[in-house]
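Undergrad: I am sharing model14.txt, which consists of compact mmCIF, C-alpha atoms:
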```txt
# COMPACT_ATOMS: atom_id res chain seq x y z
CA MET A 180 -3.84 15.66 -15.34
CA ASN A 181 -2.33 18.93 -14.21
CA GLU A 182 -0.56 21.66 -16.10
CA HIS A 183 2.93 20.49 -15.11
CA SER A 184 2.50 16.80 -15.76
CA ASP A 185 5.10 17.15 -18.54
CA LEU A 186 7.64 17.59 -15.74
CA PHE A 187 6.63 14.38 -14.04
CA PRO A 188 5.90 11.76 -16.65
CA ALA A 189 4.22 8.65 -15.36
CA SER A 190 6.79 5.95 -14.79
CA ALA A 191 5.16 2.87 -13.37
CA GLU A 192 8.41 0.95 -12.82
CA PRO A 193 6.70 -2.43 -12.62
CA ASP A 194 9.94 -4.26 -11.70
CA THR A 195 10.63 -1.95 -8.77
CA LEU A 196 7.05 -2.19 -7.58
CA ALA A 197 7.13 -5.99 -7.80
CA ARG A 198 10.32 -6.05 -5.74
CA LEU A 199 8.88 -3.64 -3.16
CA HIS A 200 5.73 -5.74 -3.02
CA ARG A 201 7.73 -8.86 -2.15
CA ARG A 202 9.53 -6.87 0.53
CA LEU A 203 6.16 -5.82 1.95
CA GLU A 204 4.95 -9.45 1.94
CA ASP A 205 8.00 -10.52 3.95
CA ALA A 206 7.82 -7.60 6.39
CA ALA A 207 4.07 -8.05 6.94
CA GLU A 208 4.55 -11.75 7.68
CA ARG A 209 7.43 -10.99 10.04
CA GLU A 210 5.46 -8.29 11.88
CA GLY A 211 2.36 -10.45 12.25
CA LEU A 212 0.28 -8.19 9.98
CA LEU A 213 -0.45 -10.70 7.24
CA ASP A 214 -3.95 -11.66 8.37
CA VAL A 215 -4.91 -13.14 4.99
CA ALA A 216 -2.35 -14.16 2.36
CA TYR A 217 -3.52 -15.26 -1.08
CA ARG A 218 -2.40 -16.40 -4.48
CA THR A 219 -3.94 -18.11 -7.48
CA VAL A 220 -2.95 -21.42 -9.07
CA ASP A 221 -3.86 -22.89 -12.44
CA SER A 222 -5.64 -26.22 -12.45
CA PRO A 223 -7.67 -28.50 -14.74
CA VAL A 224 -10.78 -26.88 -13.23
CA GLY A 225 -9.58 -23.36 -13.99
CA PRO A 226 -7.71 -20.83 -11.84
CA LEU A 227 -8.19 -21.42 -8.12
CA LEU A 228 -7.82 -18.72 -5.50
CA LEU A 229 -6.06 -19.93 -2.33
CA ALA A 230 -6.20 -17.85 0.85
CA ALA A 231 -4.64 -18.60 4.23
CA THR A 232 -4.59 -17.05 7.68
CA PRO A 233 -1.69 -17.74 10.07
CA ARG A 234 -3.74 -20.75 11.27
CA GLY A 235 -4.06 -22.39 7.89
CA LEU A 236 -5.81 -22.55 4.54
CA VAL A 237 -9.09 -20.68 4.94
CA ARG A 238 -10.53 -20.45 1.42
CA VAL A 239 -10.31 -22.12 -1.96
CA ALA A 240 -12.38 -20.39 -4.64
CA TYR A 241 -13.29 -21.23 -8.21
CA GLY A 242 -13.12 -18.65 -10.96
CA ILE A 243 -16.89 -18.64 -11.34
CA GLU A 244 -17.20 -17.42 -7.74
CA GLY A 245 -15.38 -14.24 -8.81
CA HIS A 246 -11.97 -14.03 -7.13
CA ASP A 247 -12.17 -10.28 -6.57
CA ARG A 248 -15.56 -10.70 -4.94
CA VAL A 249 -14.25 -13.50 -2.72
CA LEU A 250 -11.33 -11.31 -1.61
CA GLU A 251 -13.70 -8.45 -0.82
CA THR A 252 -15.78 -10.85 1.27
CA LEU A 253 -12.70 -12.12 3.12
CA ALA A 254 -11.69 -8.52 3.84
CA GLY A 255 -15.08 -8.04 5.46
CA SER A 256 -15.41 -11.32 7.33
CA LEU A 257 -11.79 -11.93 8.43
CA SER A 258 -9.63 -8.80 8.11
CA PRO A 259 -8.95 -6.09 5.52
CA ARG A 260 -5.25 -6.92 5.84
CA VAL A 261 -5.42 -9.10 2.73
CA LEU A 262 -2.26 -9.27 0.64
CA LEU A 263 -1.06 -11.19 -2.40
CA ALA A 264 1.67 -13.20 -0.66
CA PRO A 265 2.27 -16.54 -2.36
CA ARG A 266 4.81 -17.97 0.07
CA ARG A 267 2.28 -18.93 2.74
CA LEU A 268 0.40 -20.91 0.10
CA ASP A 269 3.43 -22.87 -1.14
CA ALA A 270 2.44 -26.14 0.54
CA ALA A 271 -1.20 -25.88 -0.54
CA ALA A 272 -0.21 -25.11 -4.13
CA ARG A 273 2.18 -28.07 -4.17
CA GLU A 274 -0.38 -30.51 -2.75
CA LEU A 275 -3.03 -29.35 -5.21
CA GLU A 276 -0.61 -29.82 -8.08
CA GLU A 277 0.10 -33.35 -6.86
CA TYR A 278 -3.63 -34.02 -6.49
CA PHE A 279 -4.42 -32.85 -10.01
CA GLY A 280 -1.47 -34.87 -11.27
CA GLY A 281 -2.99 -38.01 -9.77
CA GLN A 282 -0.14 -38.41 -7.27
CA ARG A 283 -1.98 -37.36 -4.10
CA ARG A 284 -5.11 -38.90 -2.60
CA ALA A 285 -5.49 -36.87 0.60
CA PHE A 286 -4.49 -33.39 1.69
CA ASP A 287 -2.21 -32.82 4.63
CA LEU A 288 -2.61 -29.09 5.28
CA PRO A 289 -3.50 -27.03 8.34
CA LEU A 290 -7.00 -25.69 7.78
CA ASP A 291 -8.63 -22.60 9.26
CA ARG A 292 -12.34 -23.45 9.50
CA SER A 293 -13.39 -20.07 10.89
CA LEU A 294 -15.64 -19.34 7.88
CA SER A 295 -17.95 -22.21 8.88
CA SER A 296 -19.92 -22.93 12.01
CA GLY A 297 -22.65 -25.13 13.44
CA PHE A 298 -24.12 -27.94 11.37
CA ARG A 299 -22.34 -26.83 8.20
CA LEU A 300 -19.00 -27.08 9.96
CA LEU A 301 -19.94 -30.52 11.30
CA VAL A 302 -20.81 -31.74 7.79
CA GLN A 303 -17.69 -30.22 6.22
CA GLN A 304 -15.48 -31.79 8.88
CA SER A 305 -16.98 -35.19 8.08
CA LEU A 306 -16.36 -34.98 4.32
CA PRO A 307 -12.68 -36.07 4.32
CA SER A 308 -13.91 -39.43 5.70
CA ILE A 309 -15.25 -40.11 2.20
CA GLY A 310 -12.14 -41.61 0.67
CA TYR A 311 -10.50 -40.71 -2.60
CA GLY A 312 -12.43 -42.11 -5.56
CA GLN A 313 -15.50 -42.89 -3.42
CA THR A 314 -18.83 -41.10 -3.37
CA ARG A 315 -21.74 -40.77 -0.95
CA SER A 316 -25.27 -39.46 -1.34
CA TYR A 317 -26.47 -36.39 0.54
CA ARG A 318 -28.66 -38.75 2.58
CA GLU A 319 -25.71 -40.97 3.50
CA VAL A 320 -23.75 -37.94 4.68
CA ALA A 321 -26.75 -36.85 6.75
CA GLU A 322 -26.73 -40.29 8.37
CA LEU A 323 -22.96 -40.10 8.81
CA VAL A 324 -23.27 -36.95 10.95
CA GLY A 325 -26.13 -38.50 12.92
CA ASN A 326 -28.96 -36.39 11.51
CA PRO A 327 -30.57 -38.54 8.76
CA LYS A 328 -33.40 -36.07 8.14
CA ALA A 329 -31.08 -33.15 7.42
CA VAL A 330 -30.55 -34.05 3.76
CA ARG A 331 -31.26 -30.53 2.55
CA ALA A 332 -29.00 -29.00 5.19
CA VAL A 333 -26.22 -31.33 4.05
CA GLY A 334 -26.73 -29.98 0.54
CA THR A 335 -26.40 -26.43 1.87
CA ALA A 336 -23.28 -27.37 3.83
CA CYS A 337 -21.69 -28.77 0.65
CA ALA A 338 -22.74 -25.76 -1.42
CA THR A 339 -21.18 -23.37 1.11
CA ASN A 340 -17.96 -25.33 1.62
CA PRO A 341 -15.26 -22.61 1.79
CA LEU A 342 -12.54 -25.17 0.98
CA PRO A 343 -13.69 -27.06 -2.14
CA VAL A 344 -11.33 -29.67 -3.64
CA VAL A 345 -9.36 -29.85 -0.36
CA VAL A 346 -12.50 -30.65 1.63
CA PRO A 347 -14.11 -33.07 -0.83
CA CYS A 348 -17.71 -31.94 -1.17
CA HIS A 349 -17.43 -33.08 -4.80
CA ARG A 350 -17.73 -36.68 -3.55
CA VAL A 351 -21.32 -36.09 -2.42
CA LEU A 352 -23.90 -36.90 -5.12
CA LYS A 353 -27.66 -37.08 -5.48
CA ALA A 354 -29.34 -40.32 -4.45
CA ASP A 355 -29.87 -41.33 -8.10
CA GLY A 356 -26.13 -41.07 -8.75
CA THR A 357 -26.26 -37.87 -10.79
CA PRO A 358 -23.69 -35.30 -9.67
CA GLY A 359 -25.99 -32.62 -8.29
CA GLY A 360 -24.89 -29.04 -7.79
CA TYR A 361 -21.37 -27.85 -7.11
CA VAL A 362 -19.78 -24.58 -6.06
CA GLY A 363 -17.39 -24.84 -9.03
CA GLY A 364 -20.12 -25.71 -11.49
CA PRO A 365 -21.20 -29.19 -12.69
CA ASP A 366 -18.29 -29.56 -15.13
CA ALA A 367 -15.73 -29.05 -12.39
CA LYS A 368 -17.43 -31.68 -10.23
CA LEU A 369 -17.34 -34.20 -13.09
CA THR A 370 -13.69 -33.38 -13.80
CA LEU A 371 -12.75 -34.14 -10.17
CA LEU A 372 -14.81 -37.34 -10.09
CA ASP A 373 -13.25 -38.51 -13.37
CA LEU A 374 -9.78 -37.68 -12.10
CA GLU A 375 -10.30 -39.75 -8.95
CA ALA A 376 -11.94 -42.62 -10.84
CA ALA A 377 -9.02 -42.81 -13.29
CA ALA A 378 -6.20 -42.77 -10.75
CA MET B 182 -8.64 10.27 -6.63
CA THR B 183 -8.18 11.98 -9.93
CA ALA B 184 -4.57 11.17 -10.67
CA GLY B 185 -5.62 10.38 -14.19
CA TYR B 186 -2.20 10.33 -15.78
CA ILE B 187 -0.89 7.71 -13.45
CA PRO B 188 -1.47 4.28 -14.95
CA ARG B 189 -3.07 1.86 -12.53
CA THR B 190 -0.64 -0.89 -13.22
CA ALA B 191 0.27 -3.57 -10.75
CA PRO B 192 3.05 -6.14 -10.66
CA ALA B 193 2.37 -9.24 -12.72
CA GLY B 194 0.23 -11.80 -10.98
CA HIS B 195 -1.98 -9.33 -9.22
CA LEU B 196 -5.66 -9.68 -9.61
CA THR B 197 -7.44 -6.78 -11.24
CA PHE B 198 -9.77 -5.34 -8.72
CA ARG B 199 -13.01 -3.77 -9.74
CA SER B 200 -12.77 -0.23 -10.97
CA GLU B 201 -11.96 2.38 -8.39
CA GLY B 202 -14.91 3.86 -6.63
CA ALA B 203 -17.00 0.72 -6.88
CA SER B 204 -18.57 0.27 -3.50
CA THR B 205 -18.62 -3.12 -1.86
CA GLY B 206 -21.98 -2.21 -0.42
CA HIS B 207 -21.23 -4.17 2.74
CA GLY B 208 -19.84 -1.31 4.79
CA HIS B 209 -16.37 -2.80 4.96
CA LYS B 210 -12.95 -2.10 3.54
CA HIS B 211 -11.34 -3.32 0.38
CA PRO B 212 -8.47 -5.81 0.66
CA PHE B 213 -5.21 -4.01 1.43
CA GLU B 214 -3.81 -5.49 -1.78
CA ARG B 215 -6.07 -3.13 -3.66
CA VAL B 216 -4.61 -0.15 -1.78
CA VAL B 217 -1.13 -1.26 -2.90
CA ALA B 218 -2.27 -1.89 -6.47
CA ASP B 219 -4.08 1.44 -6.76
CA HIS B 220 -1.58 3.72 -5.02
CA GLY B 221 1.79 1.94 -4.90
CA ALA B 222 3.13 3.57 -8.07
CA THR B 223 2.09 7.09 -7.05
CA VAL B 224 3.55 6.77 -3.56
CA LEU B 225 6.80 5.48 -5.07
CA ARG B 226 7.03 8.53 -7.33
CA VAL B 227 6.38 10.78 -4.35
CA CYS B 228 9.13 9.03 -2.40
CA ARG B 229 11.51 9.46 -5.33
CA VAL B 230 10.91 13.19 -5.31
CA LEU B 231 11.62 13.34 -1.62
CA LEU B 232 14.61 10.99 -1.44
CA ALA B 233 17.33 9.30 -3.48
CA ASP B 234 16.38 5.94 -5.01
CA HIS B 235 17.56 3.56 -2.31
CA ASP B 236 16.15 5.73 0.47
CA ALA B 237 12.93 6.17 -1.51
CA ASP B 238 12.50 2.39 -1.59
CA ASP B 239 13.01 2.25 2.18
CA ALA B 240 10.49 5.02 2.76
CA TRP B 241 7.95 3.26 0.49
CA SER B 242 8.42 -0.01 2.37
CA GLU B 243 8.14 1.61 5.79
CA ALA B 244 5.10 3.61 4.68
CA PHE B 245 3.16 0.64 3.32
CA LEU B 246 4.01 -1.53 6.32
CA ALA B 247 2.78 1.23 8.66
CA ALA B 248 -0.30 1.70 6.46
CA MET B 249 -1.08 -2.02 6.59
CA ARG B 250 -0.81 -1.92 10.37
CA ALA B 251 -3.21 1.02 10.66
CA TYR B 252 -5.53 0.10 7.79
CA PRO B 253 -8.28 -1.62 9.83
CA ASP B 254 -8.75 1.61 11.82
CA LEU B 255 -8.82 3.95 8.82
CA PRO B 256 -12.24 5.65 8.57
CA GLU B 257 -14.07 4.41 5.50
CA ALA B 258 -14.65 7.89 4.15
CA ALA B 259 -10.94 8.71 4.29
CA ASN B 260 -9.02 9.81 1.21
CA VAL B 261 -6.74 6.79 0.96
CA GLU B 262 -4.12 8.43 -1.23
CA ALA B 263 -3.82 11.49 1.01
CA TRP B 264 -3.52 9.16 3.99
CA LEU B 265 -0.75 7.17 2.29
CA VAL B 266 1.13 10.30 1.22
CA THR B 267 0.94 11.62 4.77
CA ILE B 268 2.49 8.40 6.08
CA ALA B 269 5.14 8.46 3.33
CA HIS B 270 5.93 12.10 4.23
CA ARG B 271 6.63 11.10 7.85
CA LYS B 272 8.65 8.05 6.85
CA ALA B 273 10.71 10.14 4.42
CA ILE B 274 11.51 12.57 7.22
CA ASP B 275 12.55 9.63 9.42
CA VAL B 276 14.83 8.32 6.68
CA LEU B 277 16.38 11.76 6.14
CA ARG B 278 17.00 12.21 9.87
CA ALA B 279 18.60 8.78 10.08
CA ARG B 280 20.79 9.64 7.09
CA ARG B 281 21.94 12.87 8.68
CA ARG B 282 22.85 11.01 11.86
CA HIS B 283 24.53 8.15 10.00
CA PRO B 284 25.76 9.44 6.64
CA VAL B 285 26.42 6.71 4.10
CA PRO B 286 30.15 6.52 3.39
CA VAL B 287 31.01 7.21 -0.21
CA GLY B 288 31.17 4.00 -2.16
CA GLU B 289 29.07 1.94 0.22
CA ILE B 290 27.02 -0.62 -1.61
CA PRO B 291 23.35 -0.48 -0.67
CA ASP B 292 21.90 -3.76 0.59
CA GLY B 293 19.49 -5.53 -1.69
CA PRO B 294 19.10 -4.99 -5.39
CA ALA B 295 18.03 -1.34 -5.10
CA GLY B 296 19.88 0.93 -7.42
CA LEU B 297 21.60 -1.90 -9.25
CA GLY B 298 20.41 -1.07 -12.71
CA VAL B 299 16.69 -1.10 -12.01
CA PRO B 300 15.33 0.24 -15.29
CA ARG B 301 14.10 3.78 -15.03
CA GLU B 302 12.85 6.21 -17.54
CA ASP B 303 15.53 8.66 -18.51
CA ASP B 304 14.48 11.33 -16.06
CA SER B 305 17.13 11.00 -13.39
CA GLY B 306 18.31 14.56 -14.09
CA LEU B 307 14.83 15.79 -13.33
CA TRP B 308 14.60 13.88 -10.06
CA GLN B 309 18.01 15.23 -9.13
CA ALA B 310 16.82 18.78 -9.83
CA VAL B 311 13.67 18.21 -7.81
CA ARG B 312 15.63 16.87 -4.87
CA GLU B 313 17.78 20.00 -4.86
CA LEU B 314 14.76 22.19 -4.16
CA PRO B 315 14.29 23.53 -0.61
CA ASP B 316 12.36 21.02 1.56
CA LYS B 317 9.00 22.81 1.60
CA GLN B 318 9.03 23.44 -2.16
CA ARG B 319 10.05 19.87 -2.91
CA GLN B 320 7.36 18.46 -0.63
CA ALA B 321 4.67 20.76 -2.01
CA VAL B 322 5.63 19.81 -5.58
CA ALA B 323 5.59 16.11 -4.68
CA TYR B 324 2.22 16.16 -2.98
CA HIS B 325 0.43 18.47 -5.38
CA TYR B 326 1.99 17.71 -8.77
CA VAL B 327 2.99 14.07 -8.33
CA ALA B 328 0.34 12.78 -5.94
CA ASP B 329 -2.26 15.21 -7.35
CA LEU B 330 -3.53 16.19 -3.91
CA PRO B 331 -5.43 19.48 -3.64
CA TYR B 332 -3.62 22.29 -1.78
CA ALA B 333 -5.92 21.90 1.22
CA GLU B 334 -4.65 18.33 1.62
CA VAL B 335 -1.04 19.41 1.00
CA ALA B 336 -1.42 22.02 3.74
CA GLN B 337 -2.72 19.32 6.10
CA ILE B 338 0.50 17.38 5.57
CA LEU B 339 2.94 20.31 5.65
CA GLY B 340 1.17 22.47 8.20
CA GLY B 341 0.30 26.06 7.32
CA THR B 342 -2.35 27.30 4.94
CA ALA B 343 -3.48 26.07 1.55
CA GLU B 344 -2.29 29.36 0.09
CA ALA B 345 1.20 28.82 1.55
CA ALA B 346 1.22 25.32 0.06
CA ARG B 347 0.20 26.72 -3.31
CA ARG B 348 2.99 29.31 -3.19
CA ALA B 349 5.58 26.71 -2.20
CA ALA B 350 4.54 24.46 -5.09
CA ALA B 351 4.55 27.36 -7.55
CA ASP B 352 8.00 28.48 -6.39
CA GLY B 353 9.21 24.91 -6.70
CA ILE B 354 7.94 24.60 -10.26
CA ARG B 355 9.47 27.97 -11.19
CA ASN B 356 12.85 26.83 -9.84
CA LEU B 357 12.55 23.54 -11.67
CA ARG B 358 11.74 25.23 -14.96
CA LYS B 359 14.81 27.40 -14.42
CA ASN B 360 17.21 24.63 -13.35
CA TYR B 361 15.95 21.88 -15.58
CA PRO B 362 14.80 23.77 -18.65
CA ALA B 363 15.48 21.96 -21.89
CA GLU B 364 14.70 18.33 -21.08
CA ALA B 365 11.60 19.27 -19.17
CA GLN B 366 9.97 20.56 -22.33
CA ALA B 367 10.87 17.50 -24.39
```
Since I need it in another form, could you write the structure as structure tokens?

TA:
Amino acid sequence: MNEHSDLFPASAEPDTLARLHRRLEDAAEREGLLDVAYRTVDSPVGPLLLAATPRGLVRVAYGIEGHDRVLETLAGSLSPRVLLAPRRLDAAARELEEYFGGQRRAFDLPLDRSLSSGFRLLVQQSLPSIGYGQTRSYREVAELVGNPKAVRAVGTACATNPLPVVVPCHRVLKADGTPGGYVGGPDAKLTLLDLEAAA
Amino acid sequence: MTAGYIPRTAPAGHLTFRSEGASTGHGHKHPFERVVADHGATVLRVCRVLLADHDADDAWSEAFLAAMRAYPDLPEAANVEAWLVTIAHRKAIDVLRARRRHPVPVGEIPDGPAGLGVPREDDSGLWQAVRELPDKQRQAVAYHYVADLPYAEVAQILGGTAEAARRAAADGIRNLRKNYPAEAQA
């Protein structure tokens, strides 16, 4: 506050700022500056953060992961040019809506896997081979990727999946059939399994 | 930043970032979205002091696009608002120069929705009075009283000394009080 703030009352002009923001989104995309675009979508498992690079969808995050924290991490690991820019996520949002509506059984989206590497990447790339409505144990996935002893590492790969829901780590269960851990919490995992069992 | 009277509002749908000043602790920058959310409103008000509405929107857009381009190279200790205001200052000068070369014919309709009844607080007379100040006074008023930058930072942008910046701002305020007296006290 300064002594002449009566002359310049705060006027936030939210409509103007929203319009200018959209203009910035378009210009940044056009100029190749939109390194990471993001938006959130509502879903039966709570609000999901979707983030995409020009190469494809790079991150799906549950609310319990802390969306602000996830964005800060993306700014550090990918680029600080992170902007709320929903348009790039239109296809992902539409496919997720279809999935949660029971009308889609597989995702057809370009993915940017640059947040994963090594064995974790190998495991995560194998997960879409578990079909809709099916499940596998951590041990079976370890066998699937040709490393039957790496059961624990498969668990880590699932827990660190940067693209949950789209890359179906929720279809991997403990050997006794109980759900096991999940990046979105146990309730979210059960909700997805129930959804796929019912469709 | 201590621009305490400027509400930190963001367009609907934006996430609320952690409170300003919170360190990420990882030695990296915040998402650029946070820069827009924290400073977009202040920079817009600065642009409106410098330029008419439609031109102010253009300057804001050019400034934030340029800022996004340069953001990865901004030193982490930098004063982000001073940096943005400096960019906006240059973009406003570019817009003014372009206008002087290519004056807008009277009656031309600006492209886009700018100026078409965008709701504003009833202070257009004030902005008009501010824009009639001499350049240096107007800029000093914008950067010190609207952006809340200290005179040392204002002097960095305008050139010259902090004392000269302080005088220009004081002269600007005196002229404003003279030319825009009644409403300003309301």

Undergrad: What is the distance, in Å and to one decimal place, between CA of Glu262 in chain B and CA of Leu253 in chain A?

TA: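 Distance reported for this atom pair: 22.7 Å.
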
Undergrad: Nearest to Glu344 in chain B: which of B:Ala321, B:Ala237, B:Ala273, B:Val224 is it, counting all atoms listed in the file?

TA: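 Checking each candidate against Glu344 in chain B, we get B:Ala321 as the closest.
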
Undergrad: Let me have the centre and edge lengths in Å, one decimal, of the box along x, y and z around every listed atom of range 344-361 of chain B with 6 Å of margin on each side, as lines of an AutoDock Vina configuration file.

TA:
```
center_x = 7.5
center_y = 25.6
center_z = -7.0
size_x = 31.5
size_y = 19.5
size_z = 29.1
```

Undergrad: What's around Asp366 in chain A at 12 Å? Count all atoms listed in the file, leave out sequence neighbours fewer than 5 positions away in its own chain, and write the answer as a list in words.

TA: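 Selected residues are Pro223, Val224, Gly225, Tyr241, Ile243, His349, Pro358, Gly359, Gly360, Tyr361, Leu371, Leu372 and Asp373 of chain A.
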
Undergrad: Any idea what's packed within 8 Å of Cys337 in chain A, counting all atoms listed in the file, ignoring anything in its chain fewer than 4 positions away? Could you give it as a list of chain:residue names?

TA: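 Returned residues: A:Arg299, A:Val302, A:Gln303, A:Val333, A:Cys348, A:Val351, A:Tyr361.
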
Undergrad: Do a neighbour search on Val276 in chain B at 10 Å with all atoms listed in the file, toss out local chain neighbours closer than 6 positions, and write the hits as a ChimeraX atom specification.

TA: /B:232,236-237,239-240,243,270,282

Undergrad: With all atoms listed in the file as the counted atoms, please give the residues lying no more than 12 Å from Glu208 in chain A, apart from itself and same-chain residues fewer than 5 positions off, as a compact mmCIF listing (two decimals) with C-alpha atoms, in the frame of the given file.

TA:
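Dumped to out33.txt:
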```txt
# COMPACT_ATOMS: atom_id res chain seq x y z
CA ARG A 201 7.73 -8.86 -2.15
CA ARG A 202 9.53 -6.87 0.53
CA LEU A 203 6.16 -5.82 1.95
CA LEU A 213 -0.45 -10.70 7.24
CA ASP A 214 -3.95 -11.66 8.37
CA VAL A 215 -4.91 -13.14 4.99
CA ALA A 216 -2.35 -14.16 2.36
CA ALA A 231 -4.64 -18.60 4.23
CA THR A 232 -4.59 -17.05 7.68
CA PRO A 233 -1.69 -17.74 10.07
CA ARG A 260 -5.25 -6.92 5.84
CA VAL A 261 -5.42 -9.10 2.73
CA LEU A 262 -2.26 -9.27 0.64
CA LEU A 263 -1.06 -11.19 -2.40
CA ALA A 264 1.67 -13.20 -0.66
CA PRO A 265 2.27 -16.54 -2.36
CA ARG A 266 4.81 -17.97 0.07
CA ARG A 267 2.28 -18.93 2.74
CA LEU B 246 4.01 -1.53 6.32
CA MET B 249 -1.08 -2.02 6.59
CA ARG B 250 -0.81 -1.92 10.37
```

Undergrad: Quick check, in Å to one decimal: how far apart do CA of Thr342 in chain B and CA of Asn260 in chain B lie?

TA: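 Going from CA of Thr342 in chain B over to CA of Asn260 in chain B, I get 19.1 Å.
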
Undergrad: Would you kindly return, as an MDAnalysis selection string, each protein, DNA or RNA residue with an atom no farther than 7 Å from any atom of range 270-282 of chain A, considering all atoms listed in the file and excluding same-chain residues fewer than 5 positions away?

TA: chainID A and resid 220 288 378

Undergrad: Restricted to C-alpha atoms, what would the selected residues look like written as a PDB file, in the coordinates of the input?

TA:
```
ATOM      1  CA  VAL A 220      -2.950 -21.420  -9.070  1.00  0.00           C
ATOM      2  CA  LEU A 288      -2.610 -29.090   5.280  1.00  0.00           C
ATOM      3  CA  ALA A 378      -6.200 -42.770 -10.750  1.00  0.00           C
TER       4      ALA A 378
END
```

Undergrad: Quick one: pull the distance between CA of Leu307 in chain B and CA of Thr195 in chain A, Å, one decimal.

TA: 18.8 Å

Undergrad: For His220 in chain B, which of B:Ala349, B:Val327, B:Leu265, B:Ala233 is the closest residue, counting only C-alpha atoms?

TA: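 Checking each candidate against His220 in chain B, we get B:Leu265 as the closest.
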
Undergrad: List every protein, DNA or RNA residue that has at least one atom no more than 10 Å from (7.7, 21.6, -9.3) in the file's coordinates, counting all atoms listed in the file, and write the result as JSON, numbers by chain.

TA: {"A": [183, 184, 186, 187], "B": [230, 310, 311, 314, 318, 319, 320, 321, 322, 323, 324, 325, 326, 327, 349, 350, 351, 352, 353, 354, 355, 356, 357, 358]}

Undergrad: Keeping C-alpha atoms, export the residues of the selection given above as a PDB file, in the coordinates of the input.

TA:
```pdb
ATOM      1  CA  HIS A 183       2.930  20.490 -15.110  1.00  0.00           C
ATOM      2  CA  SER A 184       2.500  16.800 -15.760  1.00  0.00           C
ATOM      3  CA  LEU A 186       7.640  17.590 -15.740  1.00  0.00           C
ATOM      4  CA  PHE A 187       6.630  14.380 -14.040  1.00  0.00           C
TER       5      PHE A 187
ATOM      6  CA  VAL B 230      10.910  13.190  -5.310  1.00  0.00           C
ATOM      7  CA  ALA B 310      16.820  18.780  -9.830  1.00  0.00           C
ATOM      8  CA  VAL B 311      13.670  18.210  -7.810  1.00  0.00           C
ATOM      9  CA  LEU B 314      14.760  22.190  -4.160  1.00  0.00           C
ATOM     10  CA  GLN B 318       9.030  23.440  -2.160  1.00  0.00           C
ATOM     11  CA  ARG B 319      10.050  19.870  -2.910  1.00  0.00           C
ATOM     12  CA  GLN B 320       7.360  18.460  -0.630  1.00  0.00           C
ATOM     13  CA  ALA B 321       4.670  20.760  -2.010  1.00  0.00           C
ATOM     14  CA  VAL B 322       5.630  19.810  -5.580  1.00  0.00           C
ATOM     15  CA  ALA B 323       5.590  16.110  -4.680  1.00  0.00           C
ATOM     16  CA  TYR B 324       2.220  16.160  -2.980  1.00  0.00           C
ATOM     17  CA  HIS B 325       0.430  18.470  -5.380  1.00  0.00           C
ATOM     18  CA  TYR B 326       1.990  17.710  -8.770  1.00  0.00           C
ATOM     19  CA  VAL B 327       2.990  14.070  -8.330  1.00  0.00           C
ATOM     20  CA  ALA B 349       5.580  26.710  -2.200  1.00  0.00           C
ATOM     21  CA  ALA B 350       4.540  24.460  -5.090  1.00  0.00           C
ATOM     22  CA  ALA B 351       4.550  27.360  -7.550  1.00  0.00           C
ATOM     23  CA  ASP B 352       8.000  28.480  -6.390  1.00  0.00           C
ATOM     24  CA  GLY B 353       9.210  24.910  -6.700  1.00  0.00           C
ATOM     25  CA  ILE B 354       7.940  24.600 -10.260  1.00  0.00           C
ATOM     26  CA  ARG B 355       9.470  27.970 -11.190  1.00  0.00           C
ATOM     27  CA  ASN B 356      12.850  26.830  -9.840  1.00  0.00           C
ATOM     28  CA  LEU B 357      12.550  23.540 -11.670  1.00  0.00           C
ATOM     29  CA  ARG B 358      11.740  25.230 -14.960  1.00  0.00           C
TER      30      ARG B 358
END
```

Undergrad: Measuring between only C-alpha atoms, which one of A:Ala254, A:Leu374, A:Ala230, A:Val249 shows the shortest distance to chain B?

TA: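 When distances to chain B are compared using only C-alpha atoms, the smallest one comes from A:Ala254.
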